[in-house]
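structure.tsv (TSV, C-alpha atoms (C1' of nucleotides)) appears below.
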chain	number	residue	atom	x	y	z
Y	11	MET	CA	-5.12	11.26	1.86
Y	12	LYS	CA	-6.30	12.66	5.13
Y	13	LEU	CA	-5.46	11.66	8.65
Y	14	SER	CA	-8.30	11.25	11.11
Y	15	GLN	CA	-8.57	14.00	13.68
Y	16	GLY	CA	-8.59	11.23	16.26
Y	17	VAL	CA	-4.82	11.10	15.83
Y	18	GLU	CA	-4.51	14.65	17.11
Y	19	TRP	CA	-6.85	13.92	19.98
Y	20	GLY	CA	-5.00	10.74	20.89
Y	21	LEU	CA	-1.61	12.42	20.91
Y	22	HIS	CA	-2.82	15.32	23.04
Y	23	CYS	CA	-4.51	12.95	25.48
Y	24	ALA	CA	-1.47	10.70	25.71
Y	25	SER	CA	0.70	13.74	26.42
Y	26	LEU	CA	-1.71	14.89	29.08
Y	27	LEU	CA	-1.82	11.48	30.73
Y	28	ALA	CA	1.96	11.50	30.80
Y	29	LEU	CA	1.78	14.67	32.90
Y	30	ALA	CA	-0.54	13.11	35.48
Y	31	PRO	CA	1.00	11.97	38.80
Y	32	ALA	CA	2.33	8.41	38.61
Y	33	GLY	CA	-0.45	5.87	39.06
Y	34	ALA	CA	-3.22	8.46	38.99
Y	35	THR	CA	-6.17	8.06	36.66
Y	36	VAL	CA	-7.87	10.77	34.62
Y	37	ARG	CA	-11.56	10.55	33.88
Y	38	ARG	CA	-12.80	10.66	30.33
Y	39	GLU	CA	-14.90	13.75	31.02
Y	40	GLN	CA	-11.79	15.51	32.28
Y	41	LEU	CA	-9.82	14.64	29.14
Y	42	ALA	CA	-12.63	15.82	26.88
Y	43	GLY	CA	-13.13	19.04	28.83
Y	44	HIS	CA	-9.42	19.75	28.73
Y	45	TYR	CA	-9.58	20.29	24.98
Y	46	ALA	CA	-13.32	20.86	24.48
Y	47	LEU	CA	-13.74	17.56	22.63
Y	48	PRO	CA	-17.00	15.58	22.27
Y	49	GLU	CA	-16.72	13.07	25.08
Y	50	ALA	CA	-18.73	10.29	23.43
Y	51	TYR	CA	-16.63	10.29	20.31
Y	52	LEU	CA	-13.36	10.69	22.15
Y	53	ALA	CA	-14.32	7.48	23.95
Y	54	LYS	CA	-14.00	5.57	20.69
Y	55	HIS	CA	-10.40	6.64	20.21
Y	56	LEU	CA	-9.49	6.04	23.85
Y	57	GLN	CA	-10.92	2.53	23.54
Y	58	ALA	CA	-8.77	1.94	20.48
Y	59	MET	CA	-5.67	3.05	22.35
Y	60	ALA	CA	-6.62	0.83	25.28
Y	61	ARG	CA	-7.02	-2.15	22.94
Y	62	ALA	CA	-3.58	-1.39	21.52
Y	63	GLY	CA	-2.10	-1.64	25.00
Y	64	LEU	CA	-1.16	2.01	25.32
Y	65	LEU	CA	-3.75	2.96	27.94
Y	66	ARG	CA	-5.41	1.13	30.78
Y	67	ALA	CA	-9.01	1.96	31.61
Y	68	THR	CA	-10.24	1.50	35.17
Y	69	PRO	CA	-14.03	1.36	35.66
Y	70	GLY	CA	-15.87	2.47	38.76
Y	71	PRO	CA	-15.56	5.46	41.06
Y	72	LYS	CA	-12.06	6.95	41.13
Y	73	GLY	CA	-11.61	5.23	37.79
Y	74	GLY	CA	-10.36	6.64	34.51
Y	75	TYR	CA	-7.43	6.26	32.15
Y	76	ARG	CA	-3.70	6.03	32.69
Y	77	LEU	CA	-0.72	5.18	30.51
Y	78	CYS	CA	0.34	1.55	30.47
Y	79	ARG	CA	3.99	2.31	29.73
Y	80	PRO	CA	6.40	5.13	30.52
Y	81	PRO	CA	6.15	8.05	28.06
Y	82	GLU	CA	9.68	7.36	26.84
Y	83	SER	CA	8.61	3.99	25.45
Y	84	ILE	CA	5.46	5.16	23.68
Y	85	THR	CA	6.16	6.49	20.21
Y	86	VAL	CA	3.98	8.79	18.14
Y	87	LEU	CA	3.67	5.91	15.69
Y	88	ASP	CA	2.18	3.76	18.43
Y	89	VAL	CA	-0.63	6.26	18.92
Y	90	VAL	CA	-1.13	6.82	15.19
Y	91	GLU	CA	-1.38	3.09	14.52
Y	92	ALA	CA	-3.70	2.56	17.47
Y	93	VAL	CA	-6.13	5.19	16.20
Y	94	GLU	CA	-5.72	4.91	12.43
Y	95	GLY	CA	-4.95	1.24	12.15
Y	96	ARG	CA	-1.97	-0.47	10.60
Y	97	ALA	CA	-3.25	-0.69	7.04
Y	98	ARG	CA	-1.08	0.68	4.25
Y	99	PRO	CA	-2.38	3.91	2.73
Y	100	PHE	CA	-1.73	2.56	-0.75
Y	101	LEU	CA	-3.68	-0.52	-1.79
Y	102	CYS	CA	-2.40	-2.04	-5.01
Y	103	GLN	CA	-5.35	-3.12	-7.15
Y	104	GLU	CA	-3.08	-5.11	-9.47
Y	105	ILE	CA	-4.48	-3.39	-12.51
Y	106	ARG	CA	-1.47	-4.71	-14.43
Y	107	GLN	CA	-3.30	-8.03	-14.47
Y	108	ARG	CA	-6.41	-6.55	-16.04
Y	109	GLY	CA	-7.37	-5.08	-19.39
Y	110	ALA	CA	-5.73	-5.34	-22.80
Y	111	ALA	CA	-2.24	-5.39	-21.33
Y	112	ALA	CA	-3.08	-7.98	-18.72
Y	113	ILE	CA	0.00	-9.76	-17.47
Y	114	PRO	CA	-0.57	-13.46	-16.92
Y	115	PRO	CA	-0.36	-14.39	-13.22
Y	116	GLU	CA	2.65	-16.63	-13.74
Y	117	GLU	CA	4.68	-13.56	-14.76
Y	118	CYS	CA	3.68	-11.66	-11.63
Y	119	THR	CA	6.24	-13.28	-9.39
Y	120	VAL	CA	7.59	-9.86	-8.38
Y	121	PRO	CA	5.33	-7.32	-6.70
Y	122	CYS	CA	4.33	-4.35	-8.80
Y	123	ALA	CA	7.09	-1.73	-8.81
Y	124	ILE	CA	4.59	1.01	-8.08
Y	125	ASN	CA	3.41	-0.88	-5.03
Y	126	THR	CA	6.98	-1.24	-3.81
Y	127	VAL	CA	7.71	2.46	-4.21
Y	128	MET	CA	4.59	3.45	-2.31
Y	129	ASP	CA	5.33	1.01	0.49
Y	130	ASP	CA	8.88	2.30	0.77
Y	131	ALA	CA	7.53	5.81	1.22
Y	132	ASP	CA	5.11	4.55	3.85
Y	133	ASP	CA	8.00	2.90	5.67
Y	134	ALA	CA	9.85	6.23	5.67
Y	135	TRP	CA	6.76	7.92	7.11
Y	136	ARG	CA	6.41	5.37	9.85
Y	137	ALA	CA	10.12	5.45	10.66
Y	138	SER	CA	9.88	9.21	11.13
Y	139	LEU	CA	6.95	8.85	13.53
Y	140	ARG	CA	8.69	6.03	15.37
Y	141	GLY	CA	11.60	8.36	16.13
Y	142	VAL	CA	9.55	10.58	18.42
Y	143	THR	CA	8.11	9.56	21.79
Y	144	ILE	CA	5.42	11.07	23.99
Y	145	ALA	CA	8.22	12.11	26.35
Y	146	ASP	CA	9.80	14.05	23.47
Y	147	LEU	CA	6.54	15.90	22.94
Y	148	LEU	CA	6.53	16.97	26.59
Y	149	THR	CA	10.06	18.28	26.21
Y	150	ARG	CA	8.93	20.54	23.40
Y	151	MET	CA	6.07	21.87	25.50
Y	152	ARG	CA	6.64	25.31	27.02
Y	153	PRO	CA	7.32	25.04	30.78
Y	154	GLU	CA	4.51	27.39	31.80
Y	155	VAL	CA	2.03	25.47	29.65
Y	156	ARG	CA	3.20	22.22	31.14
Y	157	LYS	CA	2.81	23.57	34.66
Y	158	ARG	CA	-0.69	24.80	33.96
Y	159	ASN	CA	-1.66	21.40	32.61
Y	160	GLU	CA	-0.22	19.64	35.63
Y	161	ALA	CA	-2.10	21.99	37.93
Y	162	LEU	CA	-5.34	21.30	36.10
Y	163	LEU	CA	-4.78	17.57	36.43
Y	164	ARG	CA	-4.37	18.03	40.18
Y	165	GLY	CA	-7.82	19.60	40.23
Y	166	GLU	CA	-6.61	23.16	40.73
Y	167	ARG	CA	-8.66	25.69	38.84
Y	168	PRO	CA	-6.55	28.61	37.61
Y	169	ALA	CA	-7.90	32.13	38.15
Y	170	ASN	CA	-10.07	33.37	35.29
Y	171	GLY	CA	-7.36	35.05	33.23
Y	172	SER	CA	-4.58	32.49	33.46
Y	173	ALA	CA	-2.67	34.74	31.10
Y	174	HIS	CA	-0.99	36.84	33.79
Y	175	GLU	CA	2.33	35.09	34.00
Q	5	MET	CA	-5.47	7.41	5.88
Q	6	LYS	CA	-6.09	6.07	2.46
Q	7	LEU	CA	-4.61	7.07	-0.86
Q	8	SER	CA	-6.94	7.55	-3.78
Q	9	GLN	CA	-6.84	4.76	-6.32
Q	10	GLY	CA	-6.32	7.51	-8.88
Q	11	VAL	CA	-2.69	7.55	-7.80
Q	12	GLU	CA	-2.24	3.99	-8.99
Q	13	TRP	CA	-4.02	4.76	-12.24
Q	14	GLY	CA	-1.96	7.89	-12.80
Q	15	LEU	CA	1.33	6.14	-12.23
Q	16	HIS	CA	0.46	3.26	-14.54
Q	17	CYS	CA	-0.73	5.66	-17.24
Q	18	ALA	CA	2.37	7.83	-16.93
Q	19	SER	CA	4.55	4.75	-17.26
Q	20	LEU	CA	2.60	3.64	-20.29
Q	21	LEU	CA	2.86	7.04	-21.95
Q	22	ALA	CA	6.60	6.92	-21.35
Q	23	LEU	CA	6.72	3.75	-23.46
Q	24	ALA	CA	4.93	5.36	-26.40
Q	25	PRO	CA	7.04	6.45	-29.39
Q	26	ALA	CA	8.40	9.99	-28.96
Q	27	GLY	CA	5.79	12.60	-29.88
Q	28	ALA	CA	3.00	10.07	-30.29
Q	29	THR	CA	-0.30	10.54	-28.50
Q	30	VAL	CA	-2.40	7.88	-26.79
Q	31	ARG	CA	-6.16	8.19	-26.71
Q	32	ARG	CA	-7.99	8.08	-23.41
Q	33	GLU	CA	-9.99	5.06	-24.48
Q	34	GLN	CA	-6.74	3.23	-25.18
Q	35	LEU	CA	-5.34	4.08	-21.76
Q	36	ALA	CA	-8.52	2.97	-20.01
Q	37	GLY	CA	-8.77	-0.24	-22.02
Q	38	HIS	CA	-5.17	-1.06	-21.31
Q	39	TYR	CA	-5.98	-1.58	-17.64
Q	40	ALA	CA	-9.76	-2.07	-17.80
Q	41	LEU	CA	-10.43	1.23	-16.05
Q	42	PRO	CA	-13.64	3.28	-16.26
Q	43	GLU	CA	-12.80	5.78	-18.97
Q	44	ALA	CA	-15.01	8.61	-17.71
Q	45	TYR	CA	-13.51	8.56	-14.24
Q	46	LEU	CA	-9.97	8.11	-15.48
Q	47	ALA	CA	-10.52	11.32	-17.41
Q	48	LYS	CA	-10.74	13.24	-14.13
Q	49	HIS	CA	-7.31	12.10	-13.06
Q	50	LEU	CA	-5.77	12.68	-16.48
Q	51	GLN	CA	-7.17	16.20	-16.39
Q	52	ALA	CA	-5.55	16.76	-13.01
Q	53	MET	CA	-2.20	15.59	-14.35
Q	54	ALA	CA	-2.56	17.82	-17.38
Q	55	ARG	CA	-3.31	20.81	-15.14
Q	56	ALA	CA	-0.17	19.98	-13.16
Q	57	GLY	CA	1.88	20.19	-16.34
Q	58	LEU	CA	2.79	16.51	-16.51
Q	59	LEU	CA	0.67	15.62	-19.53
Q	60	ARG	CA	-0.47	17.46	-22.59
Q	61	ALA	CA	-3.88	16.70	-23.99
Q	62	THR	CA	-4.41	17.20	-27.70
Q	63	PRO	CA	-8.01	17.52	-28.83
Q	64	GLY	CA	-9.31	16.47	-32.19
Q	65	PRO	CA	-8.67	13.47	-34.41
Q	66	LYS	CA	-5.30	11.79	-33.90
Q	67	GLY	CA	-5.38	13.52	-30.51
Q	68	GLY	CA	-4.77	12.07	-27.09
Q	69	TYR	CA	-2.28	12.37	-24.27
Q	70	ARG	CA	1.47	12.53	-24.20
Q	71	LEU	CA	4.06	13.32	-21.53
Q	72	CYS	CA	5.18	16.93	-21.30
Q	73	ARG	CA	8.62	16.09	-19.95
Q	74	PRO	CA	11.06	13.20	-20.31
Q	75	PRO	CA	10.33	10.31	-17.93
Q	76	GLU	CA	13.61	10.93	-16.11
Q	77	SER	CA	12.38	14.33	-14.93
Q	78	ILE	CA	8.94	13.23	-13.72
Q	79	THR	CA	8.98	11.90	-10.19
Q	80	VAL	CA	6.43	9.67	-8.54
Q	81	LEU	CA	5.76	12.57	-6.18
Q	82	ASP	CA	4.82	14.74	-9.14
Q	83	VAL	CA	2.08	12.30	-10.10
Q	84	VAL	CA	0.91	11.76	-6.53
Q	85	GLU	CA	0.64	15.50	-5.90
Q	86	ALA	CA	-1.10	16.06	-9.20
Q	87	VAL	CA	-3.77	13.48	-8.39
Q	88	GLU	CA	-4.03	13.77	-4.61
Q	89	GLY	CA	-3.25	17.43	-4.19
Q	90	ARG	CA	-0.55	19.08	-2.13
Q	91	ALA	CA	-2.47	19.34	1.13
Q	92	ARG	CA	-0.89	17.94	4.27
Q	93	PRO	CA	-2.54	14.73	5.50
Q	94	PHE	CA	-2.49	16.08	9.06
Q	95	LEU	CA	-4.55	19.19	9.74
Q	96	CYS	CA	-3.83	20.69	13.15
Q	97	GLN	CA	-7.10	21.81	14.74
Q	98	GLU	CA	-5.21	23.75	17.44
Q	99	ILE	CA	-7.17	22.06	20.18
Q	100	ARG	CA	-4.51	23.32	22.60
Q	101	GLN	CA	-6.26	26.68	22.35
Q	102	ARG	CA	-9.62	25.26	23.33
Q	103	GLY	CA	-11.20	23.84	26.48
Q	104	ALA	CA	-10.20	24.05	30.13
Q	105	ALA	CA	-6.48	24.02	29.28
Q	106	ALA	CA	-6.78	26.63	26.58
Q	107	ILE	CA	-3.48	28.31	25.88
Q	108	PRO	CA	-3.87	32.05	25.25
Q	109	PRO	CA	-2.99	32.94	21.64
Q	110	GLU	CA	-0.08	35.13	22.67
Q	111	GLU	CA	1.67	32.02	24.04
Q	112	CYS	CA	1.20	30.13	20.77
Q	113	THR	CA	4.15	31.71	19.02
Q	114	VAL	CA	5.59	28.29	18.26
Q	115	PRO	CA	3.59	25.78	16.19
Q	116	CYS	CA	2.17	22.83	18.07
Q	117	ALA	CA	4.85	20.15	18.58
Q	118	ILE	CA	2.45	17.48	17.40
Q	119	ASN	CA	1.87	19.39	14.19
Q	120	THR	CA	5.61	19.67	13.63
Q	121	VAL	CA	6.18	15.97	14.14
Q	122	MET	CA	3.44	15.03	11.71
Q	123	ASP	CA	4.71	17.45	9.09
Q	124	ASP	CA	8.24	16.09	9.45
Q	125	ALA	CA	6.91	12.61	8.75
Q	126	ASP	CA	5.03	13.91	5.74
Q	127	ASP	CA	8.24	15.51	4.47
Q	128	ALA	CA	9.99	12.15	4.80
Q	129	TRP	CA	7.18	10.50	2.83
Q	130	ARG	CA	7.39	13.06	0.05
Q	131	ALA	CA	11.17	12.90	-0.06
Q	132	SER	CA	10.95	9.15	-0.58
Q	133	LEU	CA	8.52	9.56	-3.46
Q	134	ARG	CA	10.62	12.34	-4.96
Q	135	GLY	CA	13.56	9.93	-5.20
Q	136	VAL	CA	11.91	7.74	-7.83
Q	137	THR	CA	11.11	8.78	-11.39
Q	138	ILE	CA	8.84	7.33	-14.02
Q	139	ALA	CA	11.98	6.21	-15.86
Q	140	ASP	CA	12.99	4.25	-12.76
Q	141	LEU	CA	9.64	2.47	-12.82
Q	142	LEU	CA	10.25	1.39	-16.41
Q	143	THR	CA	13.64	0.00	-15.41
Q	144	ARG	CA	11.96	-2.22	-12.85
Q	145	MET	CA	9.49	-3.51	-15.42
Q	146	ARG	CA	10.26	-6.95	-16.82
Q	147	PRO	CA	11.59	-6.73	-20.41
Q	148	GLU	CA	8.94	-9.00	-21.91
Q	149	VAL	CA	6.15	-7.03	-20.23
Q	150	ARG	CA	7.65	-3.81	-21.48
Q	151	LYS	CA	7.84	-5.17	-25.03
Q	152	ARG	CA	4.25	-6.32	-24.95
Q	153	ASN	CA	3.12	-2.89	-23.77
Q	154	GLU	CA	5.10	-1.17	-26.51
Q	155	ALA	CA	3.59	-3.49	-29.10
Q	156	LEU	CA	0.09	-2.71	-27.86
Q	157	LEU	CA	0.80	0.99	-28.08
Q	158	ARG	CA	1.84	0.51	-31.70
Q	159	GLY	CA	-1.57	-0.99	-32.35
Q	160	GLU	CA	-0.41	-4.58	-32.61
Q	161	ARG	CA	-2.81	-7.06	-31.09
Q	162	PRO	CA	-1.02	-10.01	-29.51
Q	163	ALA	CA	-2.35	-13.50	-30.20
Q	164	ASN	CA	-5.03	-14.67	-27.80
Q	165	GLY	CA	-2.77	-16.40	-25.31
Q	166	SER	CA	0.11	-13.94	-25.08
Q	167	ALA	CA	1.55	-16.23	-22.44
Q	168	HIS	CA	3.53	-18.42	-24.84
Q	169	GLU	CA	6.90	-16.76	-24.65
F	19	DA	C1'	-18.47	22.49	-42.87
F	20	DC	C1'	-18.04	18.05	-40.72
F	21	DT	C1'	-16.08	14.60	-37.96
F	22	DT	C1'	-13.32	13.37	-34.10
F	23	DC	C1'	-11.84	13.96	-29.70
F	24	DT	C1'	-10.98	16.23	-25.17
F	25	DC	C1'	-12.53	19.53	-21.48
F	26	DG	C1'	-15.37	21.02	-17.77
F	27	DG	C1'	-19.49	21.09	-15.15
F	28	DA	C1'	-23.48	18.88	-13.17
F	29	DT	C1'	-25.02	15.00	-10.97
F	30	DA	C1'	-25.75	10.32	-8.67
F	31	DT	C1'	-23.84	6.65	-5.67
F	32	DT	C1'	-21.05	4.75	-2.13
F	33	DA	C1'	-17.85	4.44	1.68
F	34	DG	C1'	-15.76	6.22	5.58
F	35	DA	C1'	-15.32	9.69	9.20
F	36	DT	C1'	-17.79	12.07	12.62
F	37	DA	C1'	-21.00	12.10	16.37
F	38	DT	C1'	-24.46	10.40	19.77
F	39	DC	C1'	-26.98	7.34	22.79
F	40	DC	C1'	-27.97	3.55	25.78
F	41	DA	C1'	-27.82	-1.11	27.92
F	42	DG	C1'	-24.42	-3.82	30.36
F	43	DG	C1'	-20.69	-4.68	33.49
F	44	DA	C1'	-17.00	-3.57	36.71
F	45	DT	C1'	-15.36	-1.07	40.82
F	46	DA	C1'	-15.31	1.69	45.08
F	47	DC	C1'	-17.60	3.18	49.07
F	48	DG	C1'	-20.85	3.27	52.70
V	11	DC	C1'	-24.93	-5.77	50.11
V	12	DG	C1'	-26.70	-1.87	47.73
V	13	DT	C1'	-25.75	2.32	45.36
V	14	DA	C1'	-23.29	5.67	42.77
V	15	DT	C1'	-19.62	6.06	39.51
V	16	DC	C1'	-17.32	5.10	35.29
V	17	DC	C1'	-15.80	2.46	31.15
V	18	DT	C1'	-17.30	-0.97	27.24
V	19	DG	C1'	-19.53	-2.22	23.17
V	20	DG	C1'	-23.14	-2.08	19.91
V	21	DA	C1'	-26.63	0.36	17.30
V	22	DT	C1'	-27.57	4.34	14.92
V	23	DA	C1'	-27.68	8.97	12.57
V	24	DT	C1'	-25.23	12.58	9.96
V	25	DC	C1'	-21.95	14.50	6.99
V	26	DT	C1'	-18.05	14.76	3.95
V	27	DA	C1'	-15.10	12.92	0.41
V	28	DA	C1'	-14.15	9.43	-2.98
V	29	DT	C1'	-16.06	7.01	-6.75
V	30	DA	C1'	-18.50	6.95	-11.04
V	31	DT	C1'	-21.24	8.60	-15.05
V	32	DC	C1'	-23.16	11.66	-18.52
V	33	DC	C1'	-23.48	15.44	-21.75
V	34	DG	C1'	-22.85	20.02	-23.87
V	35	DA	C1'	-19.06	23.04	-25.40
V	36	DG	C1'	-15.02	23.77	-27.79
V	37	DA	C1'	-10.75	22.72	-30.30
V	38	DA	C1'	-8.20	20.39	-34.04
V	39	DG	C1'	-7.82	17.66	-38.19
V	40	DT	C1'	-9.90	16.54	-42.94
Let's see the structure in the file written out as structure tokens.
Amino acid sequence: MKLSQGVEWGLHCASLLALAPAGATVRREQLAGHYALPEAYLAKHLQAMARAGLLRATPGPKGGYRLCRPPESITVLDVVEAVEGRARPFLCQEIRQRGAAAIPPEECTVPCAINTVMDDADDAWRASLRGVTIADLLTRMRPEVRKRNEALLRGERPANGSAHE
Amino acid sequence: MKLSQGVEWGLHCASLLALAPAGATVRREQLAGHYALPEAYLAKHLQAMARAGLLRATPGPKGGYRLCRPPESITVLDVVEAVEGRARPFLCQEIRQRGAAAIPPEECTVPCAINTVMDDADDAWRASLRGVTIADLLTRMRPEVRKRNEALLRGERPANGSAHE
DNA sequence: ACTTCTCGGATATTAGATATCCAGGATACG
DNA sequence: CGTATCCTGGATATCTAATATCCGAGAAGT
């Protein structure tokens, strides 16, 4: 049970894109450099988010990525599902139908109780993630950090230290 | 994000052990044969559950496994954590401290908001699993299936068909 | 003492996550 | 219209974790 690191990357990138001026695009190299991520691999996750309809990618000069929807309408679950997929973490192998205690198929009208319990827990997990939006993440970001990020997106390069606030 | 199949095995085995007569032990070969599982690999998961204090393994003739606690006091989460471990599925890499937008450590007094959100979701998942016990799983088992399992544990071998009820 | 049975370590095998590269196509700009 | 820029998608390599098996050591019953 481990979540791909792409989820972290995707959430950070989505938050960053939400800070960009409306309509502006951010190049992939810029996103990767912002967090010192491998650009080629980050591309895979950005593509997945674009396919999911969260981002729009614009090719050509002055191109790059931007959010498709306002940050208030993009949930953390949206990003997680775009990157990780929508498959359930628990896959019932129906072992109750195998072995010495095999239950004949005609008695398996009801799904396995274990499967139900695991799916319920997964629903609770997803509901929790659905309750937080990208906009919420920005709210929890410290104002000076947010300002520095916005400045970087505008192309301003902060003086070496950047810690003298 | 995928759960080990050992979780399914562990939950089925715990349920089965709960059906065994009080104080009786069930051999590993019997557990594996019950669901047509590879005995050698199942042993790994049973060991993990024994280490977690859910099962007790008795060596020697007439040995085998039994539950350490009554089924009402063993939660599904107990089994999941025994098999899968207690590590969080989301591991924050603190990429906010890296790259062009690196936040100086002295400003990182508060944990990353993304990390918090993911941990909250994990707490919700665990809380859901903690709300169901092995005894609850038995309640959701169909009576005729439960009886057949109990009979098998007593060493009775049902007639070929077993579907003529 | 001998048999029976589990434990733990060592060791393959396989699948998925991580990471990189390049040809192809779309767009802006001169 | 040609060129530089930038994303897309596929092919590929690497690495880690899950899956699976085997065997010697040790404990308990007879």
Do you have the atom CA of Glu91 of chain Y-atom CA of Arg150 of chain Y distance handy?
22.1 Å
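Using only C-alpha atoms, the nearest neighbour of Leu7 of chain Q within the list Q:Ala139, Q:Val84, Q:Ala26, Q:Leu50 is Q:Val84.
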Closest pair table for chain F residues within 9 Å of chain Q, all atoms listed in the file, as a tab-separated table:
residue	atom	partner	partner_atom	distance
F:DT21	C1'	Q:Pro65	CA	8.3
F:DT22	C1'	Q:Pro65	CA	4.7
F:DC23	C1'	Q:Gly64	CA	4.3
F:DT24	C1'	Q:Pro63	CA	4.9
F:DC25	C1'	Q:Gln51	CA	8.1
Excluding DC33 of chain V and residues on its chain fewer than 3 positions from it, collect all residues at most 12 Å away from it, counting all atoms listed in the file, and give them as a PyMOL selection string.
(chain Q and resi 44) or (chain F and resi 25-29)
Each chain Y residue no farther than 6 Å from chain Q, nearest pair in Å, only C-alpha atoms, as a tab-separated table:
residue	atom	partner	partner_atom	distance
Y:Met11	CA	Q:Leu7	CA	5.0
Y:Lys12	CA	Q:Pro93	CA	4.3
Y:Leu13	CA	Q:Met5	CA	5.1
Y:Gly43	CA	Q:Gly103	CA	5.7
Y:His44	CA	Q:Ala104	CA	4.6
Y:Tyr45	CA	Q:Gly103	CA	4.2
Y:Ala46	CA	Q:Gly103	CA	4.2
Y:Pro99	CA	Q:Lys6	CA	4.3
Y:Phe100	CA	Q:Leu7	CA	5.4
Y:Ile105	CA	Q:Tyr39	CA	5.6
Y:Arg108	CA	Q:Tyr39	CA	5.2
Y:Gly109	CA	Q:Tyr39	CA	4.2
Y:Ala110	CA	Q:His38	CA	4.6
Y:Ala111	CA	Q:His38	CA	5.2
Y:Ala131	CA	Q:Trp129	CA	5.0
Y:Ala134	CA	Q:Trp129	CA	5.8
Y:Trp135	CA	Q:Ala125	CA	5.0
Y:Ser138	CA	Q:Ala125	CA	5.1
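Shell of DT31 of chain V at 10 Å, with all atoms listed in the file counted and residues fewer than 3 places along the chain excluded, is Pro42, Glu43, Ala44 and Tyr45 of chain Q; DT29, DA30 and DT31 of chain F.
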Could you save the residues just selected, with C-alpha atoms (C1' of nucleotides), as a CSV table (one decimal), in the coordinates of the input?
chain,number,residue,atom,x,y,z
Q,42,PRO,CA,-13.6,3.3,-16.3
Q,43,GLU,CA,-12.8,5.8,-19.0
Q,44,ALA,CA,-15.0,8.6,-17.7
Q,45,TYR,CA,-13.5,8.6,-14.2
F,29,DT,C1',-25.0,15.0,-11.0
F,30,DA,C1',-25.8,10.3,-8.7
F,31,DT,C1',-23.8,6.6,-5.7
Of the listed residues Q:Arg55, Q:His49, Q:Arg158, Q:Arg70, that which approaches chain V most closely, counting all atoms listed in the file:
Q:His49
